[in-house]
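Student: The following block contains the structure, expressed as structure tokens.
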Amino acid sequence: MTQTDAPPFSFALDAEDGRARAGRFTTDHGPVETPIFMPVGTAGSVKAVSPRALRADVRAQILLGNTYHLLLRPGREVLRSAGGLHRFMAWDGPILTDSGGYQVFSLAELRDLSEEGVRFQSHLDGSHHLFTPESVVDTQRDIGSDIMMVLDECPPADVSEAYARESNARTVRWAERAFARLRETEPRYGHRQALFPIVQGAVYPAVRRESAEALVALDAPGYAIGGLSVGEAAEVMYAIVEVCTERLPADRPRYLMGVGTPANLIENVARGVDLFDCVMPTRNGRNGTLFTTEGTLNIKNAKWKACWEPVDPGLDHYAAQTFTKGYLRHLTLANEPLFMEIASMQNLAFYLWLMRAMRAAIVAGRFEAWRAEWLPRVSRRL
RNA sequence: GGGAGUGCGCCGGAGUUGGAGAGCCGGGCCAGACUGUAAAUCUGGUGUCUCAGACUGAGAAGGUUCGAUUCCUUCCACUCCCA
């Protein structure tokens, strides 16, 4: 029987190269080698990709789910009845769940923010729900994610410094309440659950520093950086990430939420980030954008009409080697569901390959050389 | 062979029963967007040109009229009915 009151995991660094780190941590659902990318499986599935393909083809190590979406559907009762999200979705690897903080931002018209929490109207049926730091921990106990996230507010890029400070102060108070709730409650399914707080502060270094310093006092097993890639310039994001990673403890994983493009991943690993998630490989893939080891392309473009080269010869998985660009262009124009599966698999496999390649370069002590070679390559528009 | 009907955009449909169509709705096609997923979605373009503007355009050619996609004549194509 697992000791559910033991620390959920410890993070160990295998190598550092400049600010880039190669590390590992082990959850009760298995190990995660960092830096890593987490495919997004918002509502209990990575859209169009089976768990088996996530393991074998994509080589995913950890997935992301979403508390807001899972709470609305299927709901806490069903999740408890299923024995938690892992069993529900037939994924026995680690899972991290976002708190719904992002939905506070993206569904702004449907919410009402206060100190207590966020009052939300469901985007599905208009029903009213109250999200508090405590209720979000409770829901994630029902979900059974290996890593839970605190409820936060993710403000847009263009907020004033005064608002960013006020908003972040509330997010910090919410984090303190979430950790108090964590200590008052038990995991349901016999495996341990970590809780990560989220650094906010928009594009203001001073607010980011205040945020990081306040959250370090919580002695959390890992820390997230939120509120980026919400419309600010990439250089601004990189500068803010640096401000955050400088102040977060070196012996804890750092998770940059919602990022990003292949270039964003490289640049942020270079700045000391260990975990990423983003809908880009899956959503953009379904919409026709393919990420490959040669660069990024829009498979719908007429120039691929009679191209009989494999999707990505440089990538070692079934779909990349088997299907041609001309065939995939046909599949997407014909609205064939198979396209979504192949495109999602290719993009995720590429993202995971990118992370493994960076890890290997860090371990080998040649990350800068690797970055100089690959950043231009993967940024190319084909 | 006789009769009736219909013809404009890449395709399908609608509309214009004499008063300014580069022009309605679908689809197709061509691009673009998408960063902790209200997204198999969304946006734009799709006659020509010396392209912030202009020109041409309702099967073809003529005619009537101040004015024609609309009315008339001939021709062409297609559809249906009769032989």
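Starting from 1 in every chain, residues are counted up; chains themselves are A, B, ... following the order of the structure tokens, and ligands are numbered from 1 as listed.
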Write down, as a list in words, each residue of chain B that has any atom within 6 Å of an atom of chain A, counting only C-alpha atoms (C1' of nucleotides).

Tutor: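 Those within range of chain A come out as U35, G36 and A38 of chain B.
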
Student: Selected residues, N, CA and C atoms (P, O5', C5', C4', C3', O3' and C1' of nucleotides), written as an mmCIF file, in the first residue's frame, please.

Tutor:
```cif
data_model
loop_
_atom_site.group_PDB
_atom_site.id
_atom_site.type_symbol
_atom_site.label_atom_id
_atom_site.label_comp_id
_atom_site.auth_asym_id
_atom_site.auth_seq_id
_atom_site.Cartn_x
_atom_site.Cartn_y
_atom_site.Cartn_z
ATOM 1 P P U B 35 -4.288 30.213 -29.286
ATOM 2 O "O5'" U B 35 -2.933 29.438 -28.919
ATOM 3 C "C5'" U B 35 -2.920 28.021 -28.803
ATOM 4 C "C4'" U B 35 -1.878 27.612 -27.782
ATOM 5 C "C3'" U B 35 -1.993 28.364 -26.451
ATOM 6 O "O3'" U B 35 -1.793 27.517 -25.336
ATOM 7 C "C1'" U B 35 0.140 28.721 -27.412
ATOM 8 P P G B 36 -2.810 26.221 -25.082
ATOM 9 O "O5'" G B 36 -2.674 25.483 -23.693
ATOM 10 C "C5'" G B 36 -2.347 26.260 -22.513
ATOM 11 C "C4'" G B 36 -2.554 25.301 -21.393
ATOM 12 C "C3'" G B 36 -4.013 25.228 -20.929
ATOM 13 O "O3'" G B 36 -4.627 24.131 -21.595
ATOM 14 C "C1'" G B 36 -2.578 25.758 -19.107
ATOM 15 P P A B 38 -11.166 25.953 -23.753
ATOM 16 O "O5'" A B 38 -12.657 25.512 -23.417
ATOM 17 C "C5'" A B 38 -13.770 26.232 -23.779
ATOM 18 C "C4'" A B 38 -14.581 25.479 -24.788
ATOM 19 C "C3'" A B 38 -14.157 25.820 -26.228
ATOM 20 O "O3'" A B 38 -13.759 24.711 -27.017
ATOM 21 C "C1'" A B 38 -16.474 26.322 -25.819
#
```

Student: Would you list the contacts of B:U65 as a VMD selection string, taking every protein, DNA or RNA residue within 12 Å and counting only C-alpha atoms (C1' of nucleotides), but skipping same-chain residues closer than 6 positions in sequence?

Tutor: chain B and resid 18 71 to 72

Student: Name all residues at most 12 Å from A:His191 (count only C-alpha atoms (C1' of nucleotides); drop same-chain ones fewer than 6 positions away) and give them as a ChimeraX atom specification.

Tutor: /A:1-9,26-30,83-84,86,92-95,141,143-147

Student: Could you save the residues just selected, with N, CA and C atoms, as a PDB file, in the first residue's frame?

Tutor:
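The result, stored in result_33.pdb:
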```
ATOM      1  N   MET A   1       0.850  -1.208   0.000  1.00  0.00           N
ATOM      2  CA  MET A   1       0.000   0.000   0.000  1.00  0.00           C
ATOM      3  C   MET A   1       0.872   1.239   0.000  1.00  0.00           C
ATOM      4  N   THR A   2       0.543   2.150  -0.839  1.00  0.00           N
ATOM      5  CA  THR A   2       1.306   3.384  -0.938  1.00  0.00           C
ATOM      6  C   THR A   2       1.114   4.229   0.308  1.00  0.00           C
ATOM      7  N   GLN A   3       2.196   4.853   0.732  1.00  0.00           N
ATOM      8  CA  GLN A   3       2.072   5.788   1.854  1.00  0.00           C
ATOM      9  C   GLN A   3       1.559   7.109   1.312  1.00  0.00           C
ATOM     10  N   THR A   4       0.287   7.342   1.489  1.00  0.00           N
ATOM     11  CA  THR A   4      -0.303   8.509   0.834  1.00  0.00           C
ATOM     12  C   THR A   4       0.083   9.819   1.504  1.00  0.00           C
ATOM     13  N   ASP A   5       0.678   9.738   2.683  1.00  0.00           N
ATOM     14  CA  ASP A   5       1.084  10.993   3.314  1.00  0.00           C
ATOM     15  C   ASP A   5       2.567  11.300   3.093  1.00  0.00           C
ATOM     16  N   ALA A   6       3.277  10.412   2.374  1.00  0.00           N
ATOM     17  CA  ALA A   6       4.676  10.694   2.062  1.00  0.00           C
ATOM     18  C   ALA A   6       4.732  11.781   0.990  1.00  0.00           C
ATOM     19  N   PRO A   7       5.856  12.472   0.866  1.00  0.00           N
ATOM     20  CA  PRO A   7       5.974  13.455  -0.218  1.00  0.00           C
ATOM     21  C   PRO A   7       5.687  12.758  -1.549  1.00  0.00           C
ATOM     22  N   PRO A   8       4.959  13.422  -2.437  1.00  0.00           N
ATOM     23  CA  PRO A   8       4.527  12.770  -3.670  1.00  0.00           C
ATOM     24  C   PRO A   8       5.692  12.332  -4.539  1.00  0.00           C
ATOM     25  N   PHE A   9       6.729  13.108  -4.594  1.00  0.00           N
ATOM     26  CA  PHE A   9       7.925  12.707  -5.332  1.00  0.00           C
ATOM     27  C   PHE A   9       9.036  13.691  -5.037  1.00  0.00           C
ATOM     28  N   THR A  26       9.613  10.755 -10.048  1.00  0.00           N
ATOM     29  CA  THR A  26       8.833   9.532 -10.180  1.00  0.00           C
ATOM     30  C   THR A  26       7.539   9.668  -9.412  1.00  0.00           C
ATOM     31  N   THR A  27       6.444   9.580 -10.135  1.00  0.00           N
ATOM     32  CA  THR A  27       5.133   9.576  -9.499  1.00  0.00           C
ATOM     33  C   THR A  27       4.738   8.130  -9.227  1.00  0.00           C
ATOM     34  N   ASP A  28       3.641   7.935  -8.539  1.00  0.00           N
ATOM     35  CA  ASP A  28       3.169   6.570  -8.302  1.00  0.00           C
ATOM     36  C   ASP A  28       2.669   5.910  -9.586  1.00  0.00           C
ATOM     37  N   HIS A  29       2.554   6.695 -10.666  1.00  0.00           N
ATOM     38  CA  HIS A  29       2.220   6.114 -11.968  1.00  0.00           C
ATOM     39  C   HIS A  29       3.420   6.068 -12.897  1.00  0.00           C
ATOM     40  N   GLY A  30       4.606   6.219 -12.332  1.00  0.00           N
ATOM     41  CA  GLY A  30       5.786   6.058 -13.155  1.00  0.00           C
ATOM     42  C   GLY A  30       6.633   7.308 -13.240  1.00  0.00           C
ATOM     43  N   GLY A  83     -13.231   5.130 -10.555  1.00  0.00           N
ATOM     44  CA  GLY A  83     -11.971   4.855  -9.877  1.00  0.00           C
ATOM     45  C   GLY A  83     -10.887   5.854 -10.240  1.00  0.00           C
ATOM     46  N   GLY A  84     -11.333   7.047 -10.677  1.00  0.00           N
ATOM     47  CA  GLY A  84     -10.374   8.098 -11.020  1.00  0.00           C
ATOM     48  C   GLY A  84     -10.116   8.170 -12.514  1.00  0.00           C
ATOM     49  N   HIS A  86      -7.344   7.991 -14.305  1.00  0.00           N
ATOM     50  CA  HIS A  86      -6.448   7.026 -14.975  1.00  0.00           C
ATOM     51  C   HIS A  86      -7.232   5.826 -15.490  1.00  0.00           C
ATOM     52  N   ASP A  92      -2.392   4.619 -17.789  1.00  0.00           N
ATOM     53  CA  ASP A  92      -1.848   4.278 -16.477  1.00  0.00           C
ATOM     54  C   ASP A  92      -0.570   5.046 -16.153  1.00  0.00           C
ATOM     55  N   GLY A  93      -0.209   5.998 -17.011  1.00  0.00           N
ATOM     56  CA  GLY A  93       0.946   6.849 -16.727  1.00  0.00           C
ATOM     57  C   GLY A  93       0.546   8.056 -15.905  1.00  0.00           C
ATOM     58  N   PRO A  94       1.511   8.905 -15.588  1.00  0.00           N
ATOM     59  CA  PRO A  94       1.223  10.094 -14.798  1.00  0.00           C
ATOM     60  C   PRO A  94       0.262  11.059 -15.514  1.00  0.00           C
ATOM     61  N   ILE A  95      -0.528  11.762 -14.713  1.00  0.00           N
ATOM     62  CA  ILE A  95      -1.440  12.786 -15.225  1.00  0.00           C
ATOM     63  C   ILE A  95      -1.305  14.038 -14.374  1.00  0.00           C
ATOM     64  N   ARG A 141      -8.950  15.757  -6.254  1.00  0.00           N
ATOM     65  CA  ARG A 141      -8.874  14.507  -5.473  1.00  0.00           C
ATOM     66  C   ARG A 141      -9.756  13.453  -6.126  1.00  0.00           C
ATOM     67  N   ILE A 143     -10.574  13.366  -9.285  1.00  0.00           N
ATOM     68  CA  ILE A 143      -9.944  13.021 -10.558  1.00  0.00           C
ATOM     69  C   ILE A 143      -8.771  12.074 -10.314  1.00  0.00           C
ATOM     70  N   GLY A 144      -8.024  12.352  -9.250  1.00  0.00           N
ATOM     71  CA  GLY A 144      -6.891  11.489  -8.912  1.00  0.00           C
ATOM     72  C   GLY A 144      -5.636  11.775  -9.714  1.00  0.00           C
ATOM     73  N   SER A 145      -5.471  13.021 -10.180  1.00  0.00           N
ATOM     74  CA  SER A 145      -4.271  13.356 -10.945  1.00  0.00           C
ATOM     75  C   SER A 145      -3.030  13.267 -10.062  1.00  0.00           C
ATOM     76  N   ASP A 146      -1.901  12.925 -10.667  1.00  0.00           N
ATOM     77  CA  ASP A 146      -0.641  12.818  -9.936  1.00  0.00           C
ATOM     78  C   ASP A 146      -0.122  14.186  -9.534  1.00  0.00           C
ATOM     79  N   ILE A 147      -0.382  15.159 -10.407  1.00  0.00           N
ATOM     80  CA  ILE A 147      -0.027  16.538 -10.088  1.00  0.00           C
ATOM     81  C   ILE A 147      -1.272  17.394 -10.257  1.00  0.00           C
TER      82      ILE A 147
END
```

Student: Please determine, counting only C-alpha atoms, which residue among A:Leu352, A:Leu328, A:Ala60, A:Ala270 has the shortest atom-to-atom distance to A:Cys307.

Tutor: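 Checking each of A:Leu352, A:Leu328, A:Ala60, A:Ala270 against A:Cys307, counting only C-alpha atoms, the winner is A:Leu328.
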
Student: Go through A:Phe350, A:Ala250, A:Asn298, A:Val273 one by one, measure the shortest atom-to-atom distance of each to B:A31 using only C-alpha atoms (C1' of nucleotides), and give the residue with the smallest value.

Tutor: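 Between A:Phe350, A:Ala250, A:Asn298, A:Val273, the residue approaching B:A31 most closely is A:Asn298.
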
Student: Mind checking which residues fall within 12 Å of stretch 24-27 of chain B, counting only C-alpha atoms (C1' of nucleotides), ignoring those fewer than 3 positions away in the same chain, and posting them as number ranges by chain?

Tutor: B: 10-16, 21

Student: Go through B:G28, B:G53, B:G47, B:G67 one by one, measure the shortest atom-to-atom distance of each to B:G9 using only C-alpha atoms (C1' of nucleotides), and give the residue with the smallest value.

Tutor: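 Distance minimum relative to B:G9 lands on B:G47.
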
Student: According to DSSP computed on the backbone, where in stretch 102-166 of chain A is there strand (DSSP E)? Give the residues as a PyMOL selection string.

Tutor: chain A and resi 111-113+118-121+128-131+147-149

Student: Between atom CA of A:Trp91 and atom CA of A:Ala349, what is the spacing in Å?

Tutor: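 Going from atom CA of A:Ala349 over to atom CA of A:Trp91, I get 17.2 Å.
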
Student: Which neighbours of A:Val150 fall inside 9 Å, counting only C-alpha atoms (C1' of nucleotides), when residues of the same chain fewer than 4 positions from it are skipped, and could you give them as JSON, numbers by chain?

Tutor: {"A": [98, 99, 100, 101, 133, 134, 136, 137, 171, 174, 175, 178, 179, 195, 196, 197, 198]}

Student: From a DSSP calculation on the backbone, collect every residue of stretch 11-162 of chain A in alpha helix (DSSP H) and output the set as JSON, numbers by chain.

Tutor: {"A": [51, 52, 53, 67, 68, 69, 70, 71, 72, 76, 77, 78, 79, 80, 81, 82, 85, 86, 87, 88, 89, 101, 102, 103, 104, 105, 106, 133, 134, 135, 136, 137, 138, 139, 140, 141, 142, 143, 161, 162]}

Student: Show me, as a list in words, the residues that have an atom within 8 Å of A:Ala214 when counting only C-alpha atoms (C1' of nucleotides), minus same-chain residues fewer than 4 positions from it.

Tutor: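 Here the qualifying residues turn out to be Val172, Glu210 and Leu218 of chain A.
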
Student: Take the selection from the previous step and output its residues with C-alpha atoms, as a short mmCIF file (atom, residue, chain, number, x, y, z; two decimals), in the first residue's frame.

Tutor:
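The result, stored in result_28.cif:
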```
data_model
loop_
_atom_site.label_atom_id
_atom_site.label_comp_id
_atom_site.auth_asym_id
_atom_site.auth_seq_id
_atom_site.Cartn_x
_atom_site.Cartn_y
_atom_site.Cartn_z
CA VAL A 172 -1.15 33.78 -3.94
CA GLU A 210 6.83 39.07 -5.56
CA LEU A 218 4.86 27.07 0.39
#
```

Student: Which value, in Å to one decimal, gives the distance between atom CA of A:Tyr223 and atom CA of A:Leu265?

Tutor: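 Pair atom CA of A:Tyr223 / atom CA of A:Leu265 returns 17.1 Å.
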
Student: Near B:A83, counting only C-alpha atoms (C1' of nucleotides), which residues have an atom at most 12 Å away, once you skip same-chain residues fewer than 3 positions from it, shown as a list in words?

Tutor: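 Here the qualifying residues turn out to be G1, G2 and G3 of chain B.
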